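Below is one structure, written out as structure tokens, with a few remarks after it.
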Amino acid sequence: MALKLLLAFVTFDVIVLTLSETDLFPSRTYCGFQHSDDYVRDNPGISLDEFPWIAQLLYDEDKKIRCIGSLINRRYVLTAAHCLKARNTVITGIRLGDYDVTSDKDCVTQTRFGVECSDPAEEFGIEELIPHPSHTEFTSENDIGLIRVSKNVQYSEYIRPICLPAANSLDGVTLAVSGWGLTEYRGKSAKIKKKISAKLLPLDTCRTVYNKAGKLLTTNHLCVSEDKNTFTCQGDSGGPLMLSVRNQWEGVGVVSFGTSYCGPDYPVVYTKVSSYLDWIRQNVRK
């Protein structure tokens with residue numbers, strides 16, 4: 001029985017400057033920085049302006065959040081390929097700058113700063129969906145994709161791009177994940193953006209769990225363990241695995257799949273973004 005539970009899996013469905021609109025990617029002097037790293041906040045949880053690159057993928061007329069992505073420039077969101085090929089559902093838009101999905105205007109009380117309110121979240125139409133052409137749904141190979149939104153995104157304190165990964169080691173460092181997916185197995189979706197701590201595991205750890213389920217793990221994947229209290233689950237697919245290098249954040253992974261029993265006892269598999277940098281650059285246009 002325990003083996004059956006372990007092998008069950010599902011796809012899990014971080015000051016305003018002006019940059020040239022012809023830049024395909026924002027300068028490393030700007031991307032990946034967030035205002036929340038500049039201050040010590042009273043709330044140990046996530047702040048209003050934390051991970052301003054996190055995007056919600058909205059589906060169907062009811063705009064249900066089924067996947068997550070990350071803003072990488074003014075027109076493109078990076079996500080998982082399987083989020084772009086979902087059956088019996090249609091991506092209708094992208095929402096940026098959200099914090100609490102239950103409110104139109106998000107405010108929190110900080111002892112030192114009083115009441116802090118964010119700008120309203122912004123929604124964007126879809127111009128093009130670009131799943132990786134070699135994505136294989138059954139084995140989850142090449143599970144990465146791009147979304148081109150219908151108009152330029154204006155950067156702000158609450159909407160900024162994350163950096164694409166540089167050559168930084170992930171061994172032994174604390175990583176971060178975020179999204180609005182389920183908060184527990186068969187639970188409810190998160191109302192407030194989640195802040196999840198994670199660490200890299202040997203790839204063979206995930207192979208032990210998933211190879212018998214038909215998932216083919218390669219060096220284009222990352223195997224990750226997540227925090228025991230807050231973790232990714234259904235609805236978090238496509239979200240970024242984030243690395244902070246001197247307070248500059250890089251999107252090093254994309255949530256691909258995990259077991260159906262979400263939690264710290266079950267490792268999560270991410271698509272390794274650095275393996276696809278050439279493909280990303282080839283598919284991003286002005």
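Labeling convention for the structure tokens: chains A, B, ... as they appear, residues from 1 per chain, ligands from 1 in order of appearance.
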
Determine, for each residue of range 50-166 of chain A having at least one atom at most 8 Å from an atom of range 213-224 of chain A, the closest pair of atoms and their separation in Å to one decimal, counting only C-alpha atoms; order by chain and ascending number, as JSON lines.
```
{"residue": "A:Phe138", "atom": "CA", "partner": "A:Lys215", "partner_atom": "CA", "distance": 7.0}
{"residue": "A:Thr139", "atom": "CA", "partner": "A:Lys215", "partner_atom": "CA", "distance": 4.3}
{"residue": "A:Ser140", "atom": "CA", "partner": "A:Lys215", "partner_atom": "CA", "distance": 6.4}
{"residue": "A:Glu141", "atom": "CA", "partner": "A:Leu216", "partner_atom": "CA", "distance": 6.9}
{"residue": "A:Asn142", "atom": "CA", "partner": "A:Asn220", "partner_atom": "CA", "distance": 7.7}
```

Keeping only all heavy atoms, take the residues you just selected and write them out as a PDB file, in the first residue's frame.
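Final output, part_18.pdb:
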```
ATOM      1  N   PHE A 138       3.877  12.041 -21.195  1.00  0.00           N
ATOM      2  CA  PHE A 138       3.936  10.866 -20.335  1.00  0.00           C
ATOM      3  C   PHE A 138       5.216  10.837 -19.505  1.00  0.00           C
ATOM      4  O   PHE A 138       5.193  10.594 -18.301  1.00  0.00           O
ATOM      5  CB  PHE A 138       3.825   9.584 -21.166  1.00  0.00           C
ATOM      6  CG  PHE A 138       3.908   8.334 -20.330  1.00  0.00           C
ATOM      7  CD1 PHE A 138       2.862   7.962 -19.506  1.00  0.00           C
ATOM      8  CD2 PHE A 138       5.051   7.548 -20.353  1.00  0.00           C
ATOM      9  CE1 PHE A 138       2.941   6.827 -18.713  1.00  0.00           C
ATOM     10  CE2 PHE A 138       5.142   6.406 -19.580  1.00  0.00           C
ATOM     11  CZ  PHE A 138       4.082   6.033 -18.745  1.00  0.00           C
ATOM     12  N   THR A 139       6.356  11.116 -20.131  1.00  0.00           N
ATOM     13  CA  THR A 139       7.629  11.067 -19.411  1.00  0.00           C
ATOM     14  C   THR A 139       8.023  12.408 -18.806  1.00  0.00           C
ATOM     15  O   THR A 139       8.976  12.494 -18.031  1.00  0.00           O
ATOM     16  CB  THR A 139       8.764  10.610 -20.346  1.00  0.00           C
ATOM     17  OG1 THR A 139       8.894  11.561 -21.421  1.00  0.00           O
ATOM     18  CG2 THR A 139       8.475   9.229 -20.915  1.00  0.00           C
ATOM     19  N   SER A 140       7.307  13.467 -19.171  1.00  0.00           N
ATOM     20  CA  SER A 140       7.565  14.830 -18.668  1.00  0.00           C
ATOM     21  C   SER A 140       8.931  15.376 -19.087  1.00  0.00           C
ATOM     22  O   SER A 140       9.508  16.204 -18.390  1.00  0.00           O
ATOM     23  CB  SER A 140       7.411  14.891 -17.150  1.00  0.00           C
ATOM     24  OG  SER A 140       6.067  14.679 -16.781  1.00  0.00           O
ATOM     25  N   GLU A 141       9.440  14.931 -20.212  1.00  0.00           N
ATOM     26  CA  GLU A 141      10.674  15.512 -20.742  1.00  0.00           C
ATOM     27  C   GLU A 141      10.373  16.876 -21.364  1.00  0.00           C
ATOM     28  O   GLU A 141       9.308  17.101 -21.917  1.00  0.00           O
ATOM     29  CB  GLU A 141      11.286  14.591 -21.793  1.00  0.00           C
ATOM     30  CG  GLU A 141      11.758  13.254 -21.257  1.00  0.00           C
ATOM     31  CD  GLU A 141      12.306  12.377 -22.360  1.00  0.00           C
ATOM     32  OE1 GLU A 141      13.504  12.508 -22.664  1.00  0.00           O
ATOM     33  OE2 GLU A 141      11.528  11.573 -22.923  1.00  0.00           O
ATOM     34  N   ASN A 142      11.352  17.773 -21.278  1.00  0.00           N
ATOM     35  CA  ASN A 142      11.258  19.108 -21.901  1.00  0.00           C
ATOM     36  C   ASN A 142       9.993  19.847 -21.486  1.00  0.00           C
ATOM     37  O   ASN A 142       9.314  20.481 -22.313  1.00  0.00           O
ATOM     38  CB  ASN A 142      11.319  18.983 -23.427  1.00  0.00           C
ATOM     39  CG  ASN A 142      12.553  18.237 -23.891  1.00  0.00           C
ATOM     40  OD1 ASN A 142      13.676  18.592 -23.549  1.00  0.00           O
ATOM     41  ND2 ASN A 142      12.358  17.171 -24.661  1.00  0.00           N
TER      42      ASN A 142
END
```

Show me, as CSV, the residues of range 48-71 of chain A having an atom within 7 Å of range 92-111 of chain A, each with the closest atom pair and its distance in Å, using only C-alpha atoms.
```
residue,atom,partner,partner_atom,distance
A:Leu48,CA,A:Tyr99,CA,6.2
A:Pro52,CA,A:Gly97,CA,6.2
A:Ile54,CA,A:Leu96,CA,6.8
A:Ala55,CA,A:Leu96,CA,5.0
A:Gln56,CA,A:Arg95,CA,5.0
A:Leu57,CA,A:Ile94,CA,5.0
A:Leu58,CA,A:Gly93,CA,5.1
A:Tyr59,CA,A:Thr92,CA,5.2
A:Asp60,CA,A:Thr92,CA,5.9
```

Could those residues be written to a file, using all heavy atoms, as an mmCIF file, in the first residue's frame?
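This is the output file out-v7.cif:
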```cif
data_model
loop_
_atom_site.group_PDB
_atom_site.id
_atom_site.type_symbol
_atom_site.label_atom_id
_atom_site.label_comp_id
_atom_site.auth_asym_id
_atom_site.auth_seq_id
_atom_site.Cartn_x
_atom_site.Cartn_y
_atom_site.Cartn_z
ATOM 1 N N LEU A 48 4.000 41.954 0.656
ATOM 2 C CA LEU A 48 3.213 42.330 -0.519
ATOM 3 C C LEU A 48 4.048 42.379 -1.789
ATOM 4 O O LEU A 48 3.569 42.015 -2.861
ATOM 5 C CB LEU A 48 2.568 43.703 -0.293
ATOM 6 C CG LEU A 48 1.291 43.773 0.535
ATOM 7 C CD1 LEU A 48 0.899 45.230 0.735
ATOM 8 C CD2 LEU A 48 0.164 43.018 -0.131
ATOM 9 N N PRO A 52 7.937 39.600 -7.115
ATOM 10 C CA PRO A 52 7.029 40.371 -7.980
ATOM 11 C C PRO A 52 6.945 39.866 -9.414
ATOM 12 O O PRO A 52 6.211 40.431 -10.223
ATOM 13 C CB PRO A 52 7.616 41.789 -7.921
ATOM 14 C CG PRO A 52 9.074 41.569 -7.644
ATOM 15 C CD PRO A 52 9.133 40.371 -6.745
ATOM 16 N N ILE A 54 6.089 36.637 -10.050
ATOM 17 C CA ILE A 54 5.189 35.487 -10.063
ATOM 18 C C ILE A 54 3.907 35.835 -10.818
ATOM 19 O O ILE A 54 3.268 36.858 -10.571
ATOM 20 C CB ILE A 54 4.834 35.040 -8.634
ATOM 21 C CG1 ILE A 54 6.103 34.635 -7.879
ATOM 22 C CG2 ILE A 54 3.841 33.881 -8.655
ATOM 23 C CD1 ILE A 54 6.775 33.404 -8.420
ATOM 24 N N ALA A 55 3.542 34.955 -11.762
ATOM 25 C CA ALA A 55 2.354 35.167 -12.600
ATOM 26 C C ALA A 55 1.337 34.063 -12.354
ATOM 27 O O ALA A 55 1.700 32.902 -12.156
ATOM 28 C CB ALA A 55 2.751 35.191 -14.068
ATOM 29 N N GLN A 56 0.077 34.424 -12.377
ATOM 30 C CA GLN A 56 -1.014 33.442 -12.322
ATOM 31 C C GLN A 56 -1.494 33.164 -13.733
ATOM 32 O O GLN A 56 -1.759 34.096 -14.496
ATOM 33 C CB GLN A 56 -2.176 33.983 -11.487
ATOM 34 C CG GLN A 56 -1.829 34.288 -10.047
ATOM 35 C CD GLN A 56 -2.911 35.110 -9.349
ATOM 36 O OE1 GLN A 56 -3.808 35.662 -9.997
ATOM 37 N NE2 GLN A 56 -2.822 35.213 -8.042
ATOM 38 N N LEU A 57 -1.602 31.892 -14.101
ATOM 39 C CA LEU A 57 -2.184 31.506 -15.380
ATOM 40 C C LEU A 57 -3.668 31.277 -15.164
ATOM 41 O O LEU A 57 -4.061 30.439 -14.344
ATOM 42 C CB LEU A 57 -1.514 30.237 -15.922
ATOM 43 C CG LEU A 57 -0.194 30.426 -16.701
ATOM 44 C CD1 LEU A 57 0.856 31.118 -15.861
ATOM 45 C CD2 LEU A 57 0.312 29.093 -17.213
ATOM 46 N N LEU A 58 -4.495 32.034 -15.874
ATOM 47 C CA LEU A 58 -5.942 32.004 -15.682
ATOM 48 C C LEU A 58 -6.592 31.163 -16.780
ATOM 49 O O LEU A 58 -6.260 31.314 -17.957
ATOM 50 C CB LEU A 58 -6.500 33.424 -15.710
ATOM 51 C CG LEU A 58 -5.797 34.444 -14.795
ATOM 52 C CD1 LEU A 58 -6.407 35.820 -14.982
ATOM 53 C CD2 LEU A 58 -5.866 34.008 -13.336
ATOM 54 N N TYR A 59 -7.532 30.317 -16.382
ATOM 55 C CA TYR A 59 -8.149 29.385 -17.319
ATOM 56 C C TYR A 59 -9.668 29.561 -17.362
ATOM 57 O O TYR A 59 -10.306 29.803 -16.330
ATOM 58 C CB TYR A 59 -7.835 27.941 -16.924
ATOM 59 C CG TYR A 59 -6.382 27.553 -17.095
ATOM 60 C CD1 TYR A 59 -5.418 27.993 -16.189
ATOM 61 C CD2 TYR A 59 -5.953 26.766 -18.163
ATOM 62 C CE1 TYR A 59 -4.078 27.640 -16.334
ATOM 63 C CE2 TYR A 59 -4.619 26.408 -18.311
ATOM 64 C CZ TYR A 59 -3.695 26.848 -17.391
ATOM 65 O OH TYR A 59 -2.376 26.506 -17.537
ATOM 66 N N ASP A 60 -10.212 29.437 -18.558
ATOM 67 C CA ASP A 60 -11.653 29.430 -18.788
ATOM 68 C C ASP A 60 -12.301 30.740 -18.343
ATOM 69 O O ASP A 60 -11.626 31.681 -17.924
ATOM 70 C CB ASP A 60 -12.297 28.217 -18.107
ATOM 71 C CG ASP A 60 -11.674 26.908 -18.574
ATOM 72 O OD1 ASP A 60 -11.309 26.825 -19.763
ATOM 73 O OD2 ASP A 60 -11.540 25.979 -17.754
#
```

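Every protein, DNA or RNA residue with an atom at most 9 Å from Lys228 in chain A, where only C-alpha atoms count and chain neighbours fewer than 3 positions away do not, is listed here: Ser197, Phe231, Gly263, Pro264 and Asp265 of chain A.
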
Got time to write the residues from that selection, C-alpha atoms, as a compact mmCIF listing (two decimals), in the first residue's frame?
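The resulting file, again_34.txt, is reproduced below:
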```
# COMPACT_ATOMS: atom_id res chain seq x y z
CA SER A 197 11.85 27.02 1.23
CA PHE A 231 5.11 23.16 -0.16
CA GLY A 263 4.31 17.31 1.36
CA PRO A 264 7.93 17.22 2.57
CA ASP A 265 8.16 13.42 2.36
```

| message | Can you tell me, as an MDAnalysis selection string, which residues in range 20-259 of chain A count as alpha helix (DSSP H) by DSSP? | response | chainID A and resid 81:84 203:210

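Distance check against Thr232 in chain A using only C-alpha atoms: of A:Val177, A:Ile46, A:Leu170, A:Leu200, the minimum falls on A:Val177.
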
| said: At a cut-off of 12 Å, using only C-alpha atoms, what residues contact Phe25 in chain A? Leave out same-chain residues fewer than 6 positions from it and give the result as a VMD selection string. | reply: chain A and resid 19 31 to 32 71 to 77 160 to 164 280 to 281 284 to 286

| task | Write out as a ChimeraX atom specification all residues of range 10-259 of chain A that backbone DSSP assigns to strand (DSSP E or B). | result | /A:10,54-59,64-71,76-79,91-96,100,107-110,114-117,122-124,126-131,136,141,145-149,163,175-177,182,189,192,196-201,221-226,240-245,248-259

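Of note, CA of Ser47 in chain A and CA of Ile196 in chain A are spaced 13.0 Å apart.
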
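The nearest approach to Gly239 in chain A among the residues A:Lys193, A:Arg207, A:Lys199, A:Lys212, with only C-alpha atoms taken into account, belongs to A:Lys193.
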
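Proximity to Gly179 in chain A was assessed for A:Ile192, A:Val252, A:Leu129, A:Val153 counting only C-alpha atoms; the smallest distance is recorded for A:Ile192.
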
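From CA of His82 in chain A back to CA of Leu277 in chain A, the distance works out to 18.5 Å.
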
Using only C-alpha atoms, which protein or nucleic acid residues come within 12 Å of Glu137 in chain A? Drop anything in the same chain fewer than 4 positions from it, and give the result as a PDB file with all heavy atoms, in the first residue's frame.
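Saved as selection_25.pdb:
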```pdb
ATOM      1  N   VAL A  10       0.903  13.338  -9.843  1.00  0.00           N
ATOM      2  CA  VAL A  10       0.107  14.220 -10.696  1.00  0.00           C
ATOM      3  C   VAL A  10       1.010  15.376 -11.093  1.00  0.00           C
ATOM      4  O   VAL A  10       1.989  15.670 -10.427  1.00  0.00           O
ATOM      5  CB  VAL A  10      -1.136  14.784  -9.965  1.00  0.00           C
ATOM      6  CG1 VAL A  10      -2.128  13.685  -9.655  1.00  0.00           C
ATOM      7  CG2 VAL A  10      -0.735  15.521  -8.701  1.00  0.00           C
ATOM      8  N   THR A  11       0.684  16.077 -12.146  1.00  0.00           N
ATOM      9  CA  THR A  11       1.371  17.319 -12.466  1.00  0.00           C
ATOM     10  C   THR A  11       0.770  18.412 -11.606  1.00  0.00           C
ATOM     11  O   THR A  11      -0.443  18.510 -11.456  1.00  0.00           O
ATOM     12  CB  THR A  11       1.206  17.656 -13.953  1.00  0.00           C
ATOM     13  OG1 THR A  11      -0.163  17.578 -14.307  1.00  0.00           O
ATOM     14  CG2 THR A  11       2.008  16.702 -14.807  1.00  0.00           C
ATOM     15  N   ALA A  80       5.565  25.867 -17.396  1.00  0.00           N
ATOM     16  CA  ALA A  80       5.726  24.471 -17.810  1.00  0.00           C
ATOM     17  C   ALA A  80       4.933  24.212 -19.089  1.00  0.00           C
ATOM     18  O   ALA A  80       3.841  24.764 -19.282  1.00  0.00           O
ATOM     19  CB  ALA A  80       5.244  23.535 -16.700  1.00  0.00           C
ATOM     20  N   ALA A  81       5.470  23.359 -19.952  1.00  0.00           N
ATOM     21  CA  ALA A  81       4.789  23.049 -21.216  1.00  0.00           C
ATOM     22  C   ALA A  81       3.433  22.403 -20.969  1.00  0.00           C
ATOM     23  O   ALA A  81       2.469  22.682 -21.693  1.00  0.00           O
ATOM     24  CB  ALA A  81       5.667  22.127 -22.068  1.00  0.00           C
ATOM     25  N   HIS A  82       3.338  21.545 -19.944  1.00  0.00           N
ATOM     26  CA  HIS A  82       2.057  20.864 -19.733  1.00  0.00           C
ATOM     27  C   HIS A  82       0.955  21.832 -19.315  1.00  0.00           C
ATOM     28  O   HIS A  82      -0.226  21.540 -19.481  1.00  0.00           O
ATOM     29  CB  HIS A  82       2.201  19.706 -18.723  1.00  0.00           C
ATOM     30  CG  HIS A  82       2.278  20.121 -17.288  1.00  0.00           C
ATOM     31  ND1 HIS A  82       3.471  20.217 -16.596  1.00  0.00           N
ATOM     32  CD2 HIS A  82       1.302  20.439 -16.398  1.00  0.00           C
ATOM     33  CE1 HIS A  82       3.222  20.581 -15.349  1.00  0.00           C
ATOM     34  NE2 HIS A  82       1.917  20.721 -15.205  1.00  0.00           N
ATOM     35  N   CYS A  83       1.329  23.001 -18.796  1.00  0.00           N
ATOM     36  CA  CYS A  83       0.329  24.018 -18.462  1.00  0.00           C
ATOM     37  C   CYS A  83      -0.292  24.630 -19.713  1.00  0.00           C
ATOM     38  O   CYS A  83      -1.411  25.160 -19.674  1.00  0.00           O
ATOM     39  CB  CYS A  83       0.956  25.123 -17.618  1.00  0.00           C
ATOM     40  SG  CYS A  83       1.421  24.625 -15.956  1.00  0.00           S
ATOM     41  N   LEU A  84       0.422  24.559 -20.825  1.00  0.00           N
ATOM     42  CA  LEU A  84      -0.048  25.148 -22.078  1.00  0.00           C
ATOM     43  C   LEU A  84      -0.823  24.145 -22.927  1.00  0.00           C
ATOM     44  O   LEU A  84      -1.403  24.510 -23.938  1.00  0.00           O
ATOM     45  CB  LEU A  84       1.143  25.667 -22.886  1.00  0.00           C
ATOM     46  CG  LEU A  84       2.119  26.576 -22.134  1.00  0.00           C
ATOM     47  CD1 LEU A  84       3.210  27.079 -23.078  1.00  0.00           C
ATOM     48  CD2 LEU A  84       1.394  27.743 -21.489  1.00  0.00           C
ATOM     49  N   LYS A  85      -0.837  22.895 -22.491  1.00  0.00           N
ATOM     50  CA  LYS A  85      -1.476  21.837 -23.274  1.00  0.00           C
ATOM     51  C   LYS A  85      -2.536  21.107 -22.452  1.00  0.00           C
ATOM     52  O   LYS A  85      -2.826  19.947 -22.695  1.00  0.00           O
ATOM     53  CB  LYS A  85      -0.399  20.851 -23.744  1.00  0.00           C
ATOM     54  CG  LYS A  85       0.678  21.511 -24.597  1.00  0.00           C
ATOM     55  CD  LYS A  85       1.971  20.711 -24.651  1.00  0.00           C
ATOM     56  CE  LYS A  85       1.830  19.467 -25.466  1.00  0.00           C
ATOM     57  NZ  LYS A  85       3.136  18.764 -25.641  1.00  0.00           N
ATOM     58  N   ALA A  86      -3.089  21.807 -21.467  1.00  0.00           N
ATOM     59  CA  ALA A  86      -4.080  21.182 -20.592  1.00  0.00           C
ATOM     60  C   ALA A  86      -5.334  20.795 -21.370  1.00  0.00           C
ATOM     61  O   ALA A  86      -5.808  21.540 -22.229  1.00  0.00           O
ATOM     62  CB  ALA A  86      -4.439  22.127 -19.451  1.00  0.00           C
ATOM     63  N   ARG A  87      -5.859  19.629 -21.047  1.00  0.00           N
ATOM     64  CA  ARG A  87      -7.054  19.137 -21.734  1.00  0.00           C
ATOM     65  C   ARG A  87      -8.323  19.764 -21.155  1.00  0.00           C
ATOM     66  O   ARG A  87      -8.418  20.015 -19.959  1.00  0.00           O
ATOM     67  CB  ARG A  87      -7.150  17.613 -21.598  1.00  0.00           C
ATOM     68  CG  ARG A  87      -6.000  16.849 -22.234  1.00  0.00           C
ATOM     69  CD  ARG A  87      -6.287  15.362 -22.210  1.00  0.00           C
ATOM     70  NE  ARG A  87      -5.178  14.585 -22.727  1.00  0.00           N
ATOM     71  CZ  ARG A  87      -4.231  14.057 -21.984  1.00  0.00           C
ATOM     72  NH1 ARG A  87      -4.268  14.238 -20.676  1.00  0.00           N
ATOM     73  NH2 ARG A  87      -3.258  13.337 -22.510  1.00  0.00           N
ATOM     74  N   PRO A 131       4.765  25.982 -26.179  1.00  0.00           N
ATOM     75  CA  PRO A 131       5.319  24.835 -25.456  1.00  0.00           C
ATOM     76  C   PRO A 131       6.561  24.319 -26.176  1.00  0.00           C
ATOM     77  O   PRO A 131       6.686  24.462 -27.393  1.00  0.00           O
ATOM     78  CB  PRO A 131       4.181  23.808 -25.503  1.00  0.00           C
ATOM     79  CG  PRO A 131       3.411  24.166 -26.737  1.00  0.00           C
ATOM     80  CD  PRO A 131       3.523  25.658 -26.888  1.00  0.00           C
ATOM     81  N   HIS A 132       7.481  23.748 -25.441  1.00  0.00           N
ATOM     82  CA  HIS A 132       8.664  23.173 -26.086  1.00  0.00           C
ATOM     83  C   HIS A 132       8.218  22.105 -27.066  1.00  0.00           C
ATOM     84  O   HIS A 132       7.401  21.237 -26.739  1.00  0.00           O
ATOM     85  CB  HIS A 132       9.599  22.564 -25.039  1.00  0.00           C
ATOM     86  CG  HIS A 132      10.963  22.254 -25.558  1.00  0.00           C
ATOM     87  ND1 HIS A 132      11.217  21.169 -26.382  1.00  0.00           N
ATOM     88  CD2 HIS A 132      12.163  22.894 -25.403  1.00  0.00           C
ATOM     89  CE1 HIS A 132      12.494  21.145 -26.688  1.00  0.00           C
ATOM     90  NE2 HIS A 132      13.096  22.186 -26.116  1.00  0.00           N
ATOM     91  N   PRO A 133       8.722  22.115 -28.306  1.00  0.00           N
ATOM     92  CA  PRO A 133       8.227  21.178 -29.329  1.00  0.00           C
ATOM     93  C   PRO A 133       8.531  19.717 -29.013  1.00  0.00           C
ATOM     94  O   PRO A 133       7.873  18.825 -29.560  1.00  0.00           O
ATOM     95  CB  PRO A 133       8.954  21.627 -30.601  1.00  0.00           C
ATOM     96  CG  PRO A 133      10.165  22.362 -30.117  1.00  0.00           C
ATOM     97  CD  PRO A 133       9.743  23.032 -28.844  1.00  0.00           C
ATOM     98  N   GLU A 141       9.440  14.931 -20.212  1.00  0.00           N
ATOM     99  CA  GLU A 141      10.674  15.512 -20.742  1.00  0.00           C
ATOM    100  C   GLU A 141      10.373  16.876 -21.364  1.00  0.00           C
ATOM    101  O   GLU A 141       9.308  17.101 -21.917  1.00  0.00           O
ATOM    102  CB  GLU A 141      11.286  14.591 -21.793  1.00  0.00           C
ATOM    103  CG  GLU A 141      11.758  13.254 -21.257  1.00  0.00           C
ATOM    104  CD  GLU A 141      12.306  12.377 -22.360  1.00  0.00           C
ATOM    105  OE1 GLU A 141      13.504  12.508 -22.664  1.00  0.00           O
ATOM    106  OE2 GLU A 141      11.528  11.573 -22.923  1.00  0.00           O
ATOM    107  N   ASN A 142      11.352  17.773 -21.278  1.00  0.00           N
ATOM    108  CA  ASN A 142      11.258  19.108 -21.901  1.00  0.00           C
ATOM    109  C   ASN A 142       9.993  19.847 -21.486  1.00  0.00           C
ATOM    110  O   ASN A 142       9.314  20.481 -22.313  1.00  0.00           O
ATOM    111  CB  ASN A 142      11.319  18.983 -23.427  1.00  0.00           C
ATOM    112  CG  ASN A 142      12.553  18.237 -23.891  1.00  0.00           C
ATOM    113  OD1 ASN A 142      13.676  18.592 -23.549  1.00  0.00           O
ATOM    114  ND2 ASN A 142      12.358  17.171 -24.661  1.00  0.00           N
ATOM    115  N   ASP A 143       9.683  19.784 -20.201  1.00  0.00           N
ATOM    116  CA  ASP A 143       8.461  20.403 -19.687  1.00  0.00           C
ATOM    117  C   ASP A 143       8.706  21.883 -19.392  1.00  0.00           C
ATOM    118  O   ASP A 143       8.836  22.304 -18.243  1.00  0.00           O
ATOM    119  CB  ASP A 143       7.992  19.667 -18.430  1.00  0.00           C
ATOM    120  CG  ASP A 143       6.579  20.055 -18.025  1.00  0.00           C
ATOM    121  OD1 ASP A 143       5.901  20.756 -18.808  1.00  0.00           O
ATOM    122  OD2 ASP A 143       6.156  19.668 -16.921  1.00  0.00           O
ATOM    123  N   ILE A 144       8.779  22.654 -20.463  1.00  0.00           N
ATOM    124  CA  ILE A 144       9.025  24.083 -20.337  1.00  0.00           C
ATOM    125  C   ILE A 144       8.317  24.792 -21.485  1.00  0.00           C
ATOM    126  O   ILE A 144       8.159  24.235 -22.578  1.00  0.00           O
ATOM    127  CB  ILE A 144      10.547  24.379 -20.345  1.00  0.00           C
ATOM    128  CG1 ILE A 144      10.833  25.810 -19.895  1.00  0.00           C
ATOM    129  CG2 ILE A 144      11.167  24.066 -21.706  1.00  0.00           C
ATOM    130  CD1 ILE A 144      12.309  26.058 -19.587  1.00  0.00           C
ATOM    131  N   GLY A 214       7.143   5.657 -14.874  1.00  0.00           N
ATOM    132  CA  GLY A 214       7.275   6.015 -16.280  1.00  0.00           C
ATOM    133  C   GLY A 214       7.899   7.363 -16.537  1.00  0.00           C
ATOM    134  O   GLY A 214       8.047   7.778 -17.691  1.00  0.00           O
ATOM    135  N   LYS A 215       8.276   8.078 -15.491  1.00  0.00           N
ATOM    136  CA  LYS A 215       8.902   9.382 -15.661  1.00  0.00           C
ATOM    137  C   LYS A 215      10.398   9.196 -15.922  1.00  0.00           C
ATOM    138  O   LYS A 215      11.085   8.500 -15.175  1.00  0.00           O
ATOM    139  CB  LYS A 215       8.703  10.243 -14.413  1.00  0.00           C
ATOM    140  CG  LYS A 215       7.242  10.554 -14.113  1.00  0.00           C
ATOM    141  CD  LYS A 215       6.615  11.418 -15.183  1.00  0.00           C
ATOM    142  CE  LYS A 215       5.197  11.812 -14.836  1.00  0.00           C
ATOM    143  NZ  LYS A 215       4.560  12.616 -15.883  1.00  0.00           N
ATOM    144  N   LEU A 216      10.892   9.805 -16.984  1.00  0.00           N
ATOM    145  CA  LEU A 216      12.289   9.685 -17.354  1.00  0.00           C
ATOM    146  C   LEU A 216      13.042  10.931 -16.892  1.00  0.00           C
ATOM    147  O   LEU A 216      12.891  12.005 -17.469  1.00  0.00           O
ATOM    148  CB  LEU A 216      12.430   9.519 -18.866  1.00  0.00           C
ATOM    149  CG  LEU A 216      13.866   9.399 -19.397  1.00  0.00           C
ATOM    150  CD1 LEU A 216      14.532   8.157 -18.822  1.00  0.00           C
ATOM    151  CD2 LEU A 216      13.868   9.362 -20.918  1.00  0.00           C
ATOM    152  N   SER A 256       7.536  20.950 -12.412  1.00  0.00           N
ATOM    153  CA  SER A 256       7.043  20.028 -13.434  1.00  0.00           C
ATOM    154  C   SER A 256       6.069  19.009 -12.850  1.00  0.00           C
ATOM    155  O   SER A 256       4.902  18.986 -13.232  1.00  0.00           O
ATOM    156  CB  SER A 256       8.217  19.317 -14.115  1.00  0.00           C
ATOM    157  OG  SER A 256       7.761  18.467 -15.143  1.00  0.00           O
ATOM    158  N   PHE A 257       6.512  18.162 -11.908  1.00  0.00           N
ATOM    159  CA  PHE A 257       5.593  17.171 -11.340  1.00  0.00           C
ATOM    160  C   PHE A 257       6.084  16.675  -9.986  1.00  0.00           C
ATOM    161  O   PHE A 257       7.228  16.880  -9.592  1.00  0.00           O
ATOM    162  CB  PHE A 257       5.414  15.979 -12.296  1.00  0.00           C
ATOM    163  CG  PHE A 257       6.673  15.181 -12.533  1.00  0.00           C
ATOM    164  CD1 PHE A 257       7.005  14.112 -11.723  1.00  0.00           C
ATOM    165  CD2 PHE A 257       7.509  15.494 -13.596  1.00  0.00           C
ATOM    166  CE1 PHE A 257       8.164  13.378 -11.943  1.00  0.00           C
ATOM    167  CE2 PHE A 257       8.667  14.760 -13.835  1.00  0.00           C
ATOM    168  CZ  PHE A 257       8.997  13.697 -13.000  1.00  0.00           C
TER     169      PHE A 257
END
```

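Between His135 in chain A and the candidates A:Ser70, A:Ala198, A:Ser169, A:Thr271, the tightest atom-to-atom separation, counting only C-alpha atoms, involves A:Thr271.
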
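Considering only C-alpha atoms, the residue among A:Gly125, A:Gly145, A:Gly69, A:Pro202 positioned nearest to Pro267 in chain A is A:Pro202.
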